[in-house]
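**Q** Submitted below is the structure of interest, expressed as structure tokens.
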Amino acid sequence: MIKSLHKRESELANSKRQLEILSNGIFQKGALPTFKEKISETNQFPLKAKKLEILQINVGYMCNQVCSHCHVDAGPDRKEIMTRETMQQCLDVIKTTGAHTLDLTGGAPEMNPDFRWFVEEASKVGIKDFIVRSNLTIITANKKYHDLPEFFKKHNVHVVSSMPHWTKGKTDKQRGDGVFNASIEALKMLNAVGYGMPESNLRLDLVYNPSGAFLPSNQKSMEKDFKKGLLEEFNVQFHNLFAITNLPISRFLDYLIASENYEDYMYNLVEAYNPSAVKNVMCTNTLSVSWNGFLYDCDFNQMLELPVNSKAKHISDYNEDLLEGRNIVISQHCYGCTAGAGSSCQGSVI
Amino acid sequence: MQKTYYDPADLKKFGKISEWNEELGAKFFDYYGKVFEEGALTEREKSLIALAVSHTIQCPYCIDAYTGDGLQRGITKEEMMEALHVAAAIRGGASLVHGVQMMNKVNKLDM
């Protein structure tokens with residue numbers, strides 16, 4: 001298992017260094033337009049936050065996996081974990097905000113010792129769509145997690161899980177040896193309690209991230225291929241596939257640079273820029289909360305340590321009037337969300 | 001003067017051929033787009049055919065384009081290589097099948 005950039009003390013563990021790379025080179029020399037210049041062409045700068053619809057909470061960077069493309073730089077060696085006190089502050093906000101979606105992510109959110117308490121409390125609020133982003137392998141990793149499918153079912157959680165391909169080779173290459181078999185086993189456990197079955201209300205969606213320096217293809221046709229591959233080979237079912245573009249930050253940026261694909265990838269992102277995707281980018285209706293309660297426009301900005309441009313910087317200072325209409329903080333990584341049909345934590349945006 | 005006949009950057013300029021004949025260029029790209037739409041064959045199957053043909057005609061632009069397209073569509077390297085062997089088998093077979101002509105002539109003329 002590889003180590004996180006933080007554990008390796010890589011220079012890319014420093015978000016400032018990542019932002020330097022994204023601002024210098026091809027963008028400084030003018031070979032490619034900056035994201036600000038690009039969205040200004042269609043008068044879409046500054047990007048403004050609309051009404052909050054999705055509250056995404058990162059409950060910690062600890063994970064049982066070390067995926068090669070991870071924008072969080074998550075892994076077993078990361079110790080940043082949300083406390084119950086911060087969770088309570090999040091709950092206080094969830095009760096008052098009109099957000100229709102609560103989205104728990106990590107790391108592996110299930111590894112937070114207060115995860116189950118948080119899910120139990122949050123499920124009482126009656127939010128319309130309660131998502132937990134589960135990496136699947138956590139369900140089979142240890143006996144204490146084997147009942148997670150039942151636990152999710154009890155609280156009507158919408159499970160969203162990463163699955164880069166319906167074959168072992170491509171999956172294990174991105175997510176580590178043995179991940180594919182463990183993921184299939186976990187998907188079968190979820191199917192067994194009703195998750196992902198055609199007529200079931202227990203939502204199970206999969207996330208596809210390309211396993212290399214290329215962009216995702218059409219989400220609908222990928223979904224068809226995934227469904228066919230997983231059903232025919234493994235008798236596994238799911239509802240929808242979200243095709244998500246890898247953003248050039250953290251471990252994926254490290255991979256792009258090490259494999260000498262960085263410049264070509266940025267050229268591809270800029271070339272695939274779609275101005276009509278801009279108005280639907282997730283940062284305009286989402287707020288991302290970090291493990292220690294700070295607020296960001298999205299999970300990517302959280303990892304780049306680019307806080308919201310508002311006086312309300314922490315979940316304990318949450319104020320709808322201060323946050324709505326704020327200018328979204330952007331850099332060149334934002335091209336990842338406007339390429340082709342656009343990309344968000346809920347998949348394509350067009 | 002350009003030092004090589006092929007420049008990868010030229011692939012991105014393919015659309016510019018319409019500048020010198022807009023009507024035919026537009027017709028070609030319209031046809032091209034339609035060909036690759038899902039029909040009796042899936043877009044994925046068409047991408048694999050295009051990859052195999054690219055190797056048969058040894059077009060570096062096409063190989064570049066359809067290797068990338070295949071990766072984006074989740075086509076595995078095993079599938080790609082099998083498609084290439086189909087192309088290679090037909091190409092090799094096309095040479096070898098002419099051996100029948102050679103054999104016919106030898107059999108006719110040789111004592």
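Chain labels A, B, ... are given in the sequence in which chains occur in the structure tokens; within each chain residues are numbered consecutively from 1, and ligands are likewise numbered from 1 in the order shown.
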With DSSP run on the backbone, what are the helix (DSSP H, G or I) residues within stretch 22-74 of chain A? I'd like them as a PyMOL selection string.
**A** chain A and resi 22-23+35-40
**Q** Hey, can you spit out that residue selection with C-alpha atoms as a compact mmCIF listing (two decimals), in the first residue's frame?
**A**
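part.txt written:
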```
# COMPACT_ATOMS: atom_id res chain seq x y z
CA LEU A 22 -1.74 25.41 -11.10
CA SER A 23 -1.07 29.13 -11.49
CA PHE A 35 -10.12 29.80 -15.44
CA LYS A 36 -10.98 33.39 -14.54
CA GLU A 37 -10.12 34.55 -18.07
CA LYS A 38 -12.08 31.68 -19.60
CA ILE A 39 -15.33 32.24 -17.69
CA SER A 40 -14.99 35.98 -18.23
```
**Q** What lies within 12 Å of B:Phe14 using only C-alpha atoms, ignoring chain neighbours under 4 positions off, as a ChimeraX atom specification?
**A** /B:7-10,18-19,25,28-29,61-62,65
**Q** To one decimal place, how far is atom CA of A:Ala108 from atom CA of A:Met189 in Å?
**A** 17.8 Å
**Q** Can you check which residues of chain A have any atom within 12 Å of chain B? Use only C-alpha atoms and format it as JSON, numbers by chain.
**A** {"A": [163, 164, 165, 166, 167, 168, 169, 170, 171, 208, 209, 210, 211, 212, 213, 214, 215, 216, 217, 218, 219, 220, 221, 222, 223, 224, 225, 226, 229, 243, 244, 245, 264, 265, 267, 268, 271, 272]}
**Q** Might you pull out every residue within 12 Å of A:Cys337, with only C-alpha atoms counted and same-chain residues fewer than 2 positions away left off, and present them as a ChimeraX atom specification?
**A** /A:35,215-216,243-248,269-270,272-284,298,300,330-335,339-350
**Q** Report the residues of stretch 48-265 of chain A whose backbone DSSP state falls under strand (DSSP E or B), written as a PyMOL selection string.
**A** chain A and resi 48+54-58+60+62+75+81+101-105+129-134+158-162+204-208+241-243
**Q** Go ahead and compute the interatomic distance for atom CA of A:Glu20 and atom CA of A:Asp254, in Å to one decimal.
**A**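 Atom CA of A:Asp254 lies at a distance of 13.5 Å from atom CA of A:Glu20.
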**Q** Separation of atom CA of A:Leu323 and atom CA of A:Lys51, in Å?
**A**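 Straight-line distance from atom CA of A:Leu323 to atom CA of A:Lys51 works out to 8.8 Å.
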**Q** Any idea what's packed within 7 Å of stretch 85-97 of chain B, counting only C-alpha atoms, ignoring anything in its chain fewer than 2 positions away? Could you give it as an NGL selection string?
**A** :B and (52-53 or 56 or 81-83 or 99-100)
**Q** So, counting only C-alpha atoms, which residue among A:Ala49, A:Ile57, A:Leu295, A:Ile2 is closest to A:His314?
**A**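 For A:His314, the nearest of the given residues is A:Leu295.
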**Q** Rank A:Ile249, A:Leu32, A:Ile26, A:Phe115 by their smallest atom-to-atom distance to A:Gly336, using only C-alpha atoms, and report the top residue only.
**A**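 Once distances to A:Gly336 are computed over only C-alpha atoms, the minimum belongs to A:Ile249.
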